[in-house]
>>> print(open('data.cif').read())   # mmCIF, C-alpha atoms and all ligand atoms
data_work
loop_
_atom_site.label_atom_id
_atom_site.label_comp_id
_atom_site.auth_asym_id
_atom_site.auth_seq_id
_atom_site.Cartn_x
_atom_site.Cartn_y
_atom_site.Cartn_z
CA MET A 1 -6.84 4.43 8.25
CA GLU A 2 -3.44 3.09 9.20
CA LYS A 3 -1.89 -0.20 8.17
CA ILE A 4 1.46 -1.79 8.92
CA ILE A 5 2.82 -3.57 5.84
CA ARG A 6 5.67 -6.03 6.25
CA VAL A 7 8.42 -5.52 3.65
CA GLU A 8 11.47 -7.70 3.03
CA GLY A 9 14.75 -6.40 1.67
CA MET A 10 15.01 -2.86 3.03
CA THR A 11 18.43 -2.45 4.58
CA CYS A 12 19.65 1.13 4.22
CA ASN A 13 18.37 4.66 4.38
CA HIS A 14 18.04 4.81 0.62
CA CYS A 15 15.70 1.83 0.74
CA LYS A 16 13.66 3.63 3.37
CA MET A 17 13.43 6.77 1.23
CA ALA A 18 12.55 4.79 -1.92
CA VAL A 19 9.65 2.97 -0.27
CA GLU A 20 8.33 6.02 1.57
CA GLY A 21 8.58 8.15 -1.59
CA ALA A 22 6.85 5.57 -3.81
CA LEU A 23 3.95 5.26 -1.37
CA LYS A 24 3.56 9.00 -0.79
CA LYS A 25 3.32 9.55 -4.56
CA LEU A 26 0.08 7.53 -4.62
CA SER A 27 -3.05 9.62 -4.44
CA GLY A 28 -4.78 8.75 -1.18
CA VAL A 29 -1.62 8.02 0.80
CA ILE A 30 -1.25 10.58 3.55
CA ASN A 31 1.95 9.37 5.18
CA ALA A 32 4.39 6.46 5.05
CA VAL A 33 7.08 5.72 7.62
CA VAL A 34 9.52 2.84 7.19
CA SER A 35 11.08 1.07 10.14
CA LEU A 36 14.22 -0.71 8.97
CA GLU A 37 14.50 -2.40 12.38
CA ASN A 38 10.99 -3.83 12.23
CA LYS A 39 11.05 -4.49 8.46
CA ASN A 40 7.79 -2.72 7.88
CA VAL A 41 6.15 0.45 6.69
CA THR A 42 3.32 2.16 8.52
CA VAL A 43 1.01 3.75 5.96
CA THR A 44 -1.70 6.28 6.71
CA PHE A 45 -4.17 6.43 3.86
CA ASP A 46 -7.72 7.06 2.69
CA GLU A 47 -9.16 3.63 1.95
CA GLU A 48 -11.64 5.14 -0.49
CA LYS A 49 -8.82 6.45 -2.68
CA VAL A 50 -6.12 3.80 -2.61
CA THR A 51 -6.10 0.02 -2.26
CA PHE A 52 -3.69 -2.35 -0.56
CA GLU A 53 -2.90 -3.83 -3.99
CA GLN A 54 -1.81 -0.42 -5.30
CA MET A 55 0.42 0.13 -2.29
CA LYS A 56 1.85 -3.37 -2.62
CA GLU A 57 2.62 -2.77 -6.30
CA ALA A 58 4.32 0.54 -5.55
CA ILE A 59 6.60 -1.16 -3.02
CA GLU A 60 7.34 -4.09 -5.32
CA ASP A 61 8.12 -1.73 -8.21
CA GLN A 62 10.97 -0.40 -6.07
CA GLY A 63 12.36 -3.92 -5.80
CA TYR A 64 11.17 -5.00 -2.35
CA ASP A 65 8.95 -7.90 -1.35
CA VAL A 66 5.68 -7.41 0.49
CA VAL A 67 4.77 -10.16 2.94
CA ASP A 68 0.98 -10.47 3.10
MO1 LIG B 1 21.72 0.15 -1.08
MO2 LIG B 1 19.34 -0.06 0.36
O1 LIG B 1 21.81 -1.02 -2.51
O2 LIG B 1 18.98 -1.49 -0.63
S1 LIG B 1 19.62 1.04 -1.52
S2 LIG B 1 21.12 -1.26 0.67
#
>>> encode(input="data.cif", output="C-alpha cells")
Amino acid sequence: MEKIIRVEGMTCNHCKMAVEGALKKLSGVINAVVSLENKNVTVTFDEEKVTFEQMKEAIEDQGYDVVD
C-alpha cells in the first residue's frame, strides 16, 4: 500500500536523501519519495512486513519529526 507521511524539518536535498534512504533500508519498504515542497514522504510498502511505527522511528532517527 501507499501512505503519505507528513515530516517536519526537511529543508535540503541531503535531508531528502537521508529520509528516503532510511525508509528504503527497512525490509518491506518498496519505495520512498520525499517532497520538500509538501513536507511529506510518500512510502510504498508491504503492510505485512513493516509497520507505521517502524517507519516513523526510522524517520525520527534521522532527526526529523513525524506529524501523525
Ligand atoms: Mo543541511 Mo538538510 O543541515 O537538513 S541536511 S538542511
>>> residues_near_ligand(input="data.cif", ligand="ligand LIG 1 (chain B)", cutoff="9 Å", atoms="all atoms listed in the file", output="list in words")
Gly9, Met10, Thr11, Cys12, Asn13, His14, Cys15, Lys16, Met17, Ala18, Gly63 and Tyr64 of chain A
>>> atom_distance(input="data.cif", atom1="CA of Glu53 in chain A", atom2="CA of Leu36 in chain A")
21.7 Å
>>> atom_distance(input="data.cif", atom1="CA of Asp61 in chain A", atom2="CA of Glu48 in chain A")
22.3 Å
>>> residues_around(input="data.cif", residues="Lys3 in chain A", least_positions_apart="6", cutoff="8 Å", atoms="only C-alpha atoms", output="tab-separated table (two decimals) with C-alpha atoms, keeping the file's coordinate frame")
chain	number	residue	atom	x	y	z
A	42	THR	CA	3.32	2.16	8.52
A	43	VAL	CA	1.01	3.75	5.96
A	44	THR	CA	-1.70	6.28	6.71
>>> residues_around(input="data.cif", residues="Ala58 in chain A", least_positions_apart="4", cutoff="7 Å", atoms="all atoms listed in the file", output="PyMOL selection string")
chain A and resi 22-23+54+62
>>> axis_aligned_box(input="data.cif", around="range 6-18 of chain A", padding_each_side="5 Å", output="AutoDock Vina command-line options")
--center_x 12.7 --center_y -0.5 --center_z 2.2 --size_x 24.0 --size_y 24.5 --size_z 18.2
>>> atom_distance(input="data.cif", atom1="CA of Glu20 in chain A", atom2="CA of Val34 in chain A")
6.6 Å
>>> closest_residue(input="data.cif", among="A:Asp65, A:Glu37, A:Asp46, A:Glu57", to="Glu8 in chain A", atoms="all atoms listed in the file")
A:Asp65
>>> closest_residue(input="data.cif", among="A:Lys49, A:Val67, A:Arg6, A:Glu60", to="Val33 in chain A", atoms="only C-alpha atoms")
A:Arg6
>>> closest_residue(input="data.cif", among="A:Val66, A:Val50, A:Met55, A:Ile4", to="Ser35 in chain A", atoms="only C-alpha atoms")
A:Ile4
>>> closest_residue(input="data.cif", among="A:Lys39, A:Glu47, A:Ile59, A:Asp68", to="Met1 in chain A", atoms="all atoms listed in the file")
A:Glu47
>>> build_atoms(input="data.cif", residues="range 22-39 of chain A", atoms="N, CA and C atoms", output="short mmCIF file (atom, residue, chain, number, x, y, z; two decimals), in the coordinates of the input")
data_model
loop_
_atom_site.label_atom_id
_atom_site.label_comp_id
_atom_site.auth_asym_id
_atom_site.auth_seq_id
_atom_site.Cartn_x
_atom_site.Cartn_y
_atom_site.Cartn_z
N ALA A 22 7.75 6.25 -2.86
CA ALA A 22 6.85 5.57 -3.81
C ALA A 22 5.42 5.56 -3.26
N LEU A 23 5.29 5.31 -1.97
CA LEU A 23 3.95 5.26 -1.37
C LEU A 23 3.32 6.65 -1.33
N LYS A 24 4.11 7.64 -0.94
CA LYS A 24 3.56 9.00 -0.79
C LYS A 24 3.17 9.61 -2.13
N LYS A 25 3.71 9.07 -3.23
CA LYS A 25 3.32 9.55 -4.56
C LYS A 25 1.90 9.10 -4.93
N LEU A 26 1.42 8.03 -4.30
CA LEU A 26 0.08 7.53 -4.62
C LEU A 26 -0.97 8.48 -4.05
N SER A 27 -1.94 8.80 -4.89
CA SER A 27 -3.05 9.62 -4.44
C SER A 27 -3.85 8.83 -3.39
N GLY A 28 -4.06 9.43 -2.25
CA GLY A 28 -4.78 8.75 -1.18
C GLY A 28 -3.88 8.34 -0.02
N VAL A 29 -2.55 8.30 -0.29
CA VAL A 29 -1.62 8.02 0.80
C VAL A 29 -1.25 9.33 1.48
N ILE A 30 -1.47 9.37 2.78
CA ILE A 30 -1.25 10.58 3.55
C ILE A 30 0.17 10.59 4.14
N ASN A 31 0.60 9.44 4.62
CA ASN A 31 1.95 9.37 5.18
C ASN A 31 2.45 7.93 5.12
N ALA A 32 3.77 7.78 5.07
CA ALA A 32 4.39 6.46 5.05
C ALA A 32 5.70 6.56 5.82
N VAL A 33 5.86 5.70 6.81
CA VAL A 33 7.08 5.72 7.62
C VAL A 33 7.64 4.30 7.70
N VAL A 34 8.86 4.15 7.17
CA VAL A 34 9.52 2.84 7.19
C VAL A 34 10.30 2.67 8.49
N SER A 35 10.19 1.49 9.06
CA SER A 35 11.08 1.07 10.14
C SER A 35 11.99 -0.02 9.59
N LEU A 36 13.27 0.30 9.44
CA LEU A 36 14.22 -0.71 8.97
C LEU A 36 14.36 -1.80 10.02
N GLU A 37 14.36 -1.44 11.28
CA GLU A 37 14.50 -2.40 12.38
C GLU A 37 13.38 -3.43 12.36
N ASN A 38 12.15 -2.94 12.17
CA ASN A 38 10.99 -3.83 12.23
C ASN A 38 10.60 -4.41 10.88
N LYS A 39 11.33 -4.01 9.81
CA LYS A 39 11.05 -4.49 8.46
C LYS A 39 9.60 -4.26 8.07
#
